[in-house]
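Trainee: Coordinates in run.pdb, PDB, C-alpha atoms, are listed below.
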ATOM      1  CA  MET A   1      28.895 -89.624 -27.079  1.00  0.00           C
ATOM      2  CA  PHE A   2      25.606 -88.700 -28.733  1.00  0.00           C
ATOM      3  CA  GLY A   3      22.804 -86.747 -27.110  1.00  0.00           C
ATOM      4  CA  ASN A   4      20.467 -83.763 -26.827  1.00  0.00           C
ATOM      5  CA  LEU A   5      21.734 -80.200 -26.578  1.00  0.00           C
ATOM      6  CA  GLN A   6      20.768 -78.114 -23.563  1.00  0.00           C
ATOM      7  CA  LEU A   7      19.009 -74.773 -24.155  1.00  0.00           C
ATOM      8  CA  GLN A   8      22.215 -72.705 -23.745  1.00  0.00           C
ATOM      9  CA  GLN A   9      24.033 -74.945 -26.234  1.00  0.00           C
ATOM     10  CA  ILE A  10      21.172 -74.468 -28.723  1.00  0.00           C
ATOM     11  CA  GLU A  11      21.451 -70.697 -28.242  1.00  0.00           C
ATOM     12  CA  ASP A  12      25.223 -70.834 -28.820  1.00  0.00           C
ATOM     13  CA  VAL A  13      24.831 -72.683 -32.115  1.00  0.00           C
ATOM     14  CA  LEU A  14      22.145 -70.273 -33.372  1.00  0.00           C
ATOM     15  CA  LYS A  15      24.161 -67.186 -32.347  1.00  0.00           C
ATOM     16  CA  ASN A  16      27.519 -68.349 -33.715  1.00  0.00           C
ATOM     17  CA  GLN A  17      26.591 -69.623 -37.172  1.00  0.00           C
ATOM     18  CA  PHE A  18      25.488 -67.536 -40.143  1.00  0.00           C
ATOM     19  CA  VAL A  19      24.192 -70.046 -42.704  1.00  0.00           C
ATOM     20  CA  GLY A  20      21.300 -72.432 -42.123  1.00  0.00           C
ATOM     21  CA  ARG A  21      18.745 -74.303 -44.196  1.00  0.00           C
ATOM     22  CA  ILE A  22      15.125 -73.317 -44.402  1.00  0.00           C
ATOM     23  CA  GLY A  23      12.496 -75.882 -45.233  1.00  0.00           C
ATOM     24  CA  CYS A  24       9.027 -75.007 -46.443  1.00  0.00           C
ATOM     25  CA  SER A  25       6.261 -76.960 -48.119  1.00  0.00           C
ATOM     26  CA  LEU A  26       3.146 -76.524 -50.193  1.00  0.00           C
ATOM     27  CA  ASP A  27       0.798 -78.923 -51.949  1.00  0.00           C
ATOM     28  CA  GLY A  28       2.869 -81.988 -51.063  1.00  0.00           C
ATOM     29  CA  GLU A  29       6.199 -80.502 -52.225  1.00  0.00           C
ATOM     30  CA  THR A  30       8.959 -79.833 -49.701  1.00  0.00           C
ATOM     31  CA  TYR A  31      11.610 -77.240 -50.583  1.00  0.00           C
ATOM     32  CA  ILE A  32      14.857 -76.854 -48.604  1.00  0.00           C
ATOM     33  CA  VAL A  33      17.531 -74.262 -49.360  1.00  0.00           C
ATOM     34  CA  PRO A  34      20.537 -72.742 -47.598  1.00  0.00           C
ATOM     35  CA  ILE A  35      20.158 -69.152 -46.433  1.00  0.00           C
ATOM     36  CA  SER A  36      22.269 -66.700 -44.455  1.00  0.00           C
ATOM     37  CA  TYR A  37      20.676 -65.432 -41.266  1.00  0.00           C
ATOM     38  CA  ALA A  38      21.038 -63.494 -38.024  1.00  0.00           C
ATOM     39  CA  TYR A  39      19.661 -64.550 -34.652  1.00  0.00           C
ATOM     40  CA  ASP A  40      18.722 -62.001 -31.993  1.00  0.00           C
ATOM     41  CA  GLY A  41      17.745 -64.418 -29.234  1.00  0.00           C
ATOM     42  CA  ASN A  42      14.066 -64.297 -30.203  1.00  0.00           C
ATOM     43  CA  HIS A  43      13.784 -64.543 -33.999  1.00  0.00           C
ATOM     44  CA  ILE A  44      15.795 -65.703 -36.983  1.00  0.00           C
ATOM     45  CA  TYR A  45      16.149 -62.878 -39.550  1.00  0.00           C
ATOM     46  CA  CYS A  46      16.766 -63.409 -43.259  1.00  0.00           C
ATOM     47  CA  HIS A  47      17.063 -61.386 -46.460  1.00  0.00           C
ATOM     48  CA  THR A  48      16.341 -62.938 -49.834  1.00  0.00           C
ATOM     49  CA  LYS A  49      15.162 -62.251 -53.355  1.00  0.00           C
ATOM     50  CA  GLU A  50      11.698 -63.053 -54.643  1.00  0.00           C
ATOM     51  CA  GLY A  51      11.475 -66.672 -55.661  1.00  0.00           C
ATOM     52  CA  LYS A  52      10.135 -70.096 -54.944  1.00  0.00           C
ATOM     53  CA  LYS A  53      10.721 -70.103 -51.178  1.00  0.00           C
ATOM     54  CA  THR A  54       9.055 -66.716 -50.630  1.00  0.00           C
ATOM     55  CA  ALA A  55       6.071 -67.775 -52.744  1.00  0.00           C
ATOM     56  CA  ILE A  56       5.705 -70.983 -50.735  1.00  0.00           C
ATOM     57  CA  MET A  57       6.146 -69.341 -47.327  1.00  0.00           C
ATOM     58  CA  ARG A  58       3.568 -66.651 -48.102  1.00  0.00           C
ATOM     59  CA  LYS A  59       1.018 -69.403 -48.760  1.00  0.00           C
ATOM     60  CA  ASN A  60       2.125 -71.707 -45.940  1.00  0.00           C
ATOM     61  CA  PRO A  61       4.074 -69.828 -43.230  1.00  0.00           C
ATOM     62  CA  LYS A  62       5.027 -72.953 -41.248  1.00  0.00           C
ATOM     63  CA  VAL A  63       8.760 -73.508 -41.702  1.00  0.00           C
ATOM     64  CA  CYS A  64      11.601 -75.583 -40.359  1.00  0.00           C
ATOM     65  CA  PHE A  65      15.076 -74.068 -39.957  1.00  0.00           C
ATOM     66  CA  GLN A  66      18.215 -76.149 -39.419  1.00  0.00           C
ATOM     67  CA  VAL A  67      21.771 -75.104 -38.484  1.00  0.00           C
ATOM     68  CA  ASP A  68      24.937 -77.218 -38.153  1.00  0.00           C
ATOM     69  CA  GLU A  69      28.216 -76.638 -36.392  1.00  0.00           C
ATOM     70  CA  MET A  70      30.632 -79.193 -37.832  1.00  0.00           C
ATOM     71  CA  LYS A  71      34.116 -79.564 -36.377  1.00  0.00           C
ATOM     72  CA  THR A  72      34.553 -83.125 -37.667  1.00  0.00           C
ATOM     73  CA  MET A  73      32.229 -85.944 -38.670  1.00  0.00           C
ATOM     74  CA  ALA A  74      32.533 -87.169 -35.071  1.00  0.00           C
ATOM     75  CA  ASN A  75      32.250 -83.769 -33.384  1.00  0.00           C
ATOM     76  CA  TRP A  76      29.208 -81.723 -34.366  1.00  0.00           C
ATOM     77  CA  ARG A  77      26.105 -79.945 -33.081  1.00  0.00           C
ATOM     78  CA  SER A  78      22.845 -79.485 -34.973  1.00  0.00           C
ATOM     79  CA  VAL A  79      19.791 -77.354 -34.143  1.00  0.00           C
ATOM     80  CA  ILE A  80      16.290 -77.561 -35.594  1.00  0.00           C
ATOM     81  CA  VAL A  81      13.775 -74.742 -35.197  1.00  0.00           C
ATOM     82  CA  GLN A  82      10.079 -75.075 -35.909  1.00  0.00           C
ATOM     83  CA  GLY A  83       8.491 -71.704 -36.581  1.00  0.00           C
ATOM     84  CA  GLU A  84       6.466 -69.370 -38.726  1.00  0.00           C
ATOM     85  CA  PHE A  85       7.515 -67.084 -41.567  1.00  0.00           C
ATOM     86  CA  GLU A  86       6.711 -63.405 -41.057  1.00  0.00           C
ATOM     87  CA  GLU A  87       7.526 -60.990 -43.874  1.00  0.00           C
ATOM     88  CA  LEU A  88       8.652 -57.590 -42.587  1.00  0.00           C
ATOM     89  CA  LYS A  89       6.902 -55.049 -44.795  1.00  0.00           C
ATOM     90  CA  GLU A  90       6.327 -52.121 -42.424  1.00  0.00           C
ATOM     91  CA  LYS A  91       9.204 -49.643 -42.669  1.00  0.00           C
ATOM     92  CA  GLU A  92      10.159 -49.735 -38.982  1.00  0.00           C
ATOM     93  CA  GLU A  93      10.097 -53.545 -38.759  1.00  0.00           C
ATOM     94  CA  ARG A  94      12.003 -53.933 -42.036  1.00  0.00           C
ATOM     95  CA  THR A  95      14.617 -51.380 -40.909  1.00  0.00           C
ATOM     96  CA  ASN A  96      15.046 -53.227 -37.603  1.00  0.00           C
ATOM     97  CA  GLY A  97      15.389 -56.571 -39.400  1.00  0.00           C
ATOM     98  CA  MET A  98      17.950 -55.153 -41.837  1.00  0.00           C
ATOM     99  CA  GLN A  99      19.983 -53.668 -38.957  1.00  0.00           C
ATOM    100  CA  ILE A 100      20.054 -57.012 -37.166  1.00  0.00           C
ATOM    101  CA  LEU A 101      21.304 -58.661 -40.374  1.00  0.00           C
ATOM    102  CA  LEU A 102      23.845 -55.918 -41.057  1.00  0.00           C
ATOM    103  CA  ASN A 103      25.191 -55.984 -37.489  1.00  0.00           C
ATOM    104  CA  ARG A 104      25.993 -59.707 -37.506  1.00  0.00           C
ATOM    105  CA  TYR A 105      29.542 -60.943 -37.601  1.00  0.00           C
ATOM    106  CA  LEU A 106      30.671 -62.212 -40.997  1.00  0.00           C
ATOM    107  CA  PRO A 107      34.033 -63.813 -41.760  1.00  0.00           C
ATOM    108  CA  ALA A 108      36.439 -61.758 -43.863  1.00  0.00           C
ATOM    109  CA  ILE A 109      35.936 -64.121 -46.790  1.00  0.00           C
ATOM    110  CA  SER A 110      32.228 -64.596 -47.255  1.00  0.00           C
ATOM    111  CA  SER A 111      29.600 -65.097 -49.905  1.00  0.00           C
ATOM    112  CA  VAL A 112      28.070 -62.289 -51.944  1.00  0.00           C
ATOM    113  CA  THR A 113      24.641 -63.445 -50.732  1.00  0.00           C
ATOM    114  CA  THR A 114      25.614 -62.798 -47.102  1.00  0.00           C
ATOM    115  CA  HIS A 115      26.553 -59.189 -47.889  1.00  0.00           C
ATOM    116  CA  ILE A 116      22.926 -57.970 -48.286  1.00  0.00           C
ATOM    117  CA  SER A 117      23.965 -54.953 -50.372  1.00  0.00           C
ATOM    118  CA  GLU A 118      26.008 -54.809 -53.573  1.00  0.00           C
ATOM    119  CA  HIS A 119      28.141 -52.086 -51.944  1.00  0.00           C
ATOM    120  CA  TRP A 120      28.967 -54.115 -48.821  1.00  0.00           C
ATOM    121  CA  PRO A 121      30.514 -53.236 -46.402  1.00  0.00           C
ATOM    122  CA  PHE A 122      29.323 -49.714 -47.277  1.00  0.00           C
ATOM    123  CA  LEU A 123      25.612 -49.116 -46.907  1.00  0.00           C
ATOM    124  CA  PRO A 124      23.102 -46.525 -48.096  1.00  0.00           C
ATOM    125  CA  GLU A 125      21.872 -43.992 -45.537  1.00  0.00           C
ATOM    126  CA  ASP A 126      18.450 -45.665 -45.547  1.00  0.00           C
ATOM    127  CA  VAL A 127      18.763 -49.462 -45.471  1.00  0.00           C
ATOM    128  CA  ASN A 128      15.245 -49.701 -46.900  1.00  0.00           C
ATOM    129  CA  HIS A 129      16.758 -48.767 -50.266  1.00  0.00           C
ATOM    130  CA  ILE A 130      18.292 -52.254 -50.301  1.00  0.00           C
ATOM    131  CA  GLU A 131      16.029 -54.406 -52.445  1.00  0.00           C
ATOM    132  CA  GLY A 132      14.739 -57.816 -51.506  1.00  0.00           C
ATOM    133  CA  VAL A 133      12.483 -59.515 -49.012  1.00  0.00           C
ATOM    134  CA  VAL A 134      13.259 -59.229 -45.311  1.00  0.00           C
ATOM    135  CA  PHE A 135      11.603 -61.773 -43.066  1.00  0.00           C
ATOM    136  CA  ARG A 136      11.903 -63.392 -39.712  1.00  0.00           C
ATOM    137  CA  ILE A 137      11.010 -66.741 -38.298  1.00  0.00           C
ATOM    138  CA  GLN A 138       8.906 -66.654 -35.168  1.00  0.00           C
ATOM    139  CA  ILE A 139      10.310 -69.542 -33.163  1.00  0.00           C
ATOM    140  CA  LYS A 140       7.816 -72.061 -31.810  1.00  0.00           C
ATOM    141  CA  GLU A 141      10.229 -74.845 -30.802  1.00  0.00           C
ATOM    142  CA  LYS A 142      14.023 -75.377 -30.690  1.00  0.00           C
ATOM    143  CA  THR A 143      15.738 -78.731 -30.370  1.00  0.00           C
ATOM    144  CA  GLY A 144      19.322 -79.858 -30.821  1.00  0.00           C
ATOM    145  CA  ARG A 145      21.514 -82.923 -30.997  1.00  0.00           C
ATOM    146  CA  TYR A 146      25.245 -83.473 -30.792  1.00  0.00           C
ATOM    147  CA  GLU A 147      27.973 -86.019 -31.219  1.00  0.00           C
ATOM    148  CA  ASN A 148      31.324 -85.649 -29.538  1.00  0.00           C
ATOM    149  CA  ASN A 149      33.872 -88.412 -30.092  1.00  0.00           C
ATOM    150  CA  MET A 150      37.483 -87.509 -29.626  1.00  0.00           C
ATOM    151  CA  HIS A 151      38.779 -90.361 -31.746  1.00  0.00           C
ATOM    152  CA  SER A 152      37.513 -92.325 -34.691  1.00  0.00           C
ATOM    153  CA  PRO A 153      37.004 -96.035 -34.093  1.00  0.00           C
ATOM    154  CA  ASN A 154      39.866 -98.348 -34.928  1.00  0.00           C
ATOM    155  CA  LEU A 155      39.177 -99.823 -38.320  1.00  0.00           C
ATOM    156  CA  PRO A 156      40.780-103.060 -39.460  1.00  0.00           C
ATOM    157  CA  GLY A 157      43.424-102.835 -42.139  1.00  0.00           C
TER     158      GLY A 157
END
In structure tokens, write the structure found in this file.
Mentor:
Amino acid sequence: MFGNLQLQQIEDVLKNQFVGRIGCSLDGETYIVPISYAYDGNHIYCHTKEGKKTAIMRKNPKVCFQVDEMKTMANWRSVIVQGEFEELKEKEERTNGMQILLNRYLPAISSVTTHISEHWPFLPEDVNHIEGVVFRIQIKEKTGRYENNMHSPNLPG
């Protein structure tokens, strides 16, 4: 079966995953990269280093964010978010964004880029001492699709 996800299913995918892909574009060039994230029910929060994606998003804040939940090639859910990049520069907003990222569940074996701080899981007293860009995506639209087939088709041979 193939179809559209209901709102609660979209929420479940966004809340239970921790790596998505962010797409941004400028001057006819589209740039898509994986990024770890946290979702608080209203915004998608991210932490990154200065680079191509931050330069693009500062000039064109319209972004697309995509998350997959893959059990098998015949059993998956995928969510696409259309939104706007908002860099969190004010101390209180940045602190809040960092706390949301730091409070997310991460698997025991995870990537260095998901750890936010080089001393993870130990953190400085003031999370604003952690370098990098903290931003959130203001969600404008969320859609999702799924496929759920219990068995692969019988193939000849």
Trainee: Could you state the separation of atom CA of A:Cys24 and atom CA of A:Met57 in Å, given to one decimal place?
Mentor: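 For atom CA of A:Cys24 relative to atom CA of A:Met57, the distance reads 6.4 Å.
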Trainee: If I take atom CA of A:Met70 and atom CA of A:Gln99, how far is one from the other in Å, to one decimal?
Mentor: 27.7 Å
Trainee: Atom CA of A:Glu11 and atom CA of A:Lys71, how far apart in Å?
Mentor: 17.5 Å
Trainee: List the neighbours of A:Ile10 out to 10 Å using all atoms listed in the file; skip same-chain residues closer than 3 positions along the sequence, and give me the result as a ChimeraX atom specification.
Mentor: /A:4-7,13-15,67,77-81,142-145
Trainee: Looking at A:Gln82, A:Ser36, A:Asn42, A:Ser25, which one is nearest to A:Arg58, with distances taken over all atoms listed in the file?
Mentor: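 So, comparing all the options, the nearest one is A:Ser25.
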Trainee: Between A:Asn148, A:Asn103, A:Gln66, A:Asn75, which one has atoms that come closest to A:Gly23, using all atoms listed in the file?
Mentor: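 Checking each candidate against A:Gly23, we get A:Gln66 as the closest.
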Trainee: Starting from the displayed file, determine the output of the PyMOL selection byres ((chain A and resi 1) around 9) and express the residue list as a ChimeraX atom specification.
Mentor: /A:2-3,146-149
Trainee: Pull C-alpha atoms from the residues just selected and write them as a PDB file, in the coordinates of the input.
Mentor:
ATOM      1  CA  PHE A   2      25.606 -88.700 -28.733  1.00  0.00           C
ATOM      2  CA  GLY A   3      22.804 -86.747 -27.110  1.00  0.00           C
ATOM      3  CA  TYR A 146      25.245 -83.473 -30.792  1.00  0.00           C
ATOM      4  CA  GLU A 147      27.973 -86.019 -31.219  1.00  0.00           C
ATOM      5  CA  ASN A 148      31.324 -85.649 -29.538  1.00  0.00           C
ATOM      6  CA  ASN A 149      33.872 -88.412 -30.092  1.00  0.00           C
TER       7      ASN A 149
END
Trainee: Which residues fall under the PyMOL selection byres ((chain A and resi 38) around 7) in this file, as a list in words?
Mentor: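 That expression, the PyMOL selection byres ((chain A and resi 38) around 7), corresponds here to Phe18, Tyr37, Tyr39, Asp40, Ile44, Tyr45, Cys46, Ile100, Leu101 and Arg104 of chain A.
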Trainee: On this file, the PyMOL selection byres ((chain A and resi 94) around 12) gives some set of residues; write that set as a VMD selection string.
Mentor: chain A and resid 45 to 47 86 to 93 95 to 101 126 to 136
Trainee: Would you kindly return, as a PDB file with C-alpha atoms, in the coordinates of the input, each protein, DNA or RNA residue with an atom no farther than 12 Å from any atom of A:Ile56, considering only C-alpha atoms and excluding same-chain residues fewer than 6 positions away?
Mentor:
ATOM      1  CA  ILE A  22      15.125 -73.317 -44.402  1.00  0.00           C
ATOM      2  CA  GLY A  23      12.496 -75.882 -45.233  1.00  0.00           C
ATOM      3  CA  CYS A  24       9.027 -75.007 -46.443  1.00  0.00           C
ATOM      4  CA  SER A  25       6.261 -76.960 -48.119  1.00  0.00           C
ATOM      5  CA  LEU A  26       3.146 -76.524 -50.193  1.00  0.00           C
ATOM      6  CA  ASP A  27       0.798 -78.923 -51.949  1.00  0.00           C
ATOM      7  CA  GLY A  28       2.869 -81.988 -51.063  1.00  0.00           C
ATOM      8  CA  GLU A  29       6.199 -80.502 -52.225  1.00  0.00           C
ATOM      9  CA  THR A  30       8.959 -79.833 -49.701  1.00  0.00           C
ATOM     10  CA  TYR A  31      11.610 -77.240 -50.583  1.00  0.00           C
ATOM     11  CA  ILE A  32      14.857 -76.854 -48.604  1.00  0.00           C
ATOM     12  CA  GLU A  50      11.698 -63.053 -54.643  1.00  0.00           C
ATOM     13  CA  LYS A  62       5.027 -72.953 -41.248  1.00  0.00           C
ATOM     14  CA  VAL A  63       8.760 -73.508 -41.702  1.00  0.00           C
ATOM     15  CA  PHE A  85       7.515 -67.084 -41.567  1.00  0.00           C
TER      16      PHE A  85
END
Trainee: Assuming 5 Å of padding per side, give the centre and edge lengths of the axis-aligned box around every listed atom of stretch 87-106 of chain A, in Å to one decimal and as AutoDock Vina command-line options.
Mentor:
--center_x 18.5 --center_y -55.9 --center_z -41.0 --size_x 34.3 --size_y 22.6 --size_z 17.6
Trainee: Nearest to A:Arg21 among A:Lys49, A:Thr54, A:Asp68, A:Leu102, with distances taken over only C-alpha atoms: which residue is it?
Mentor: A:Asp68
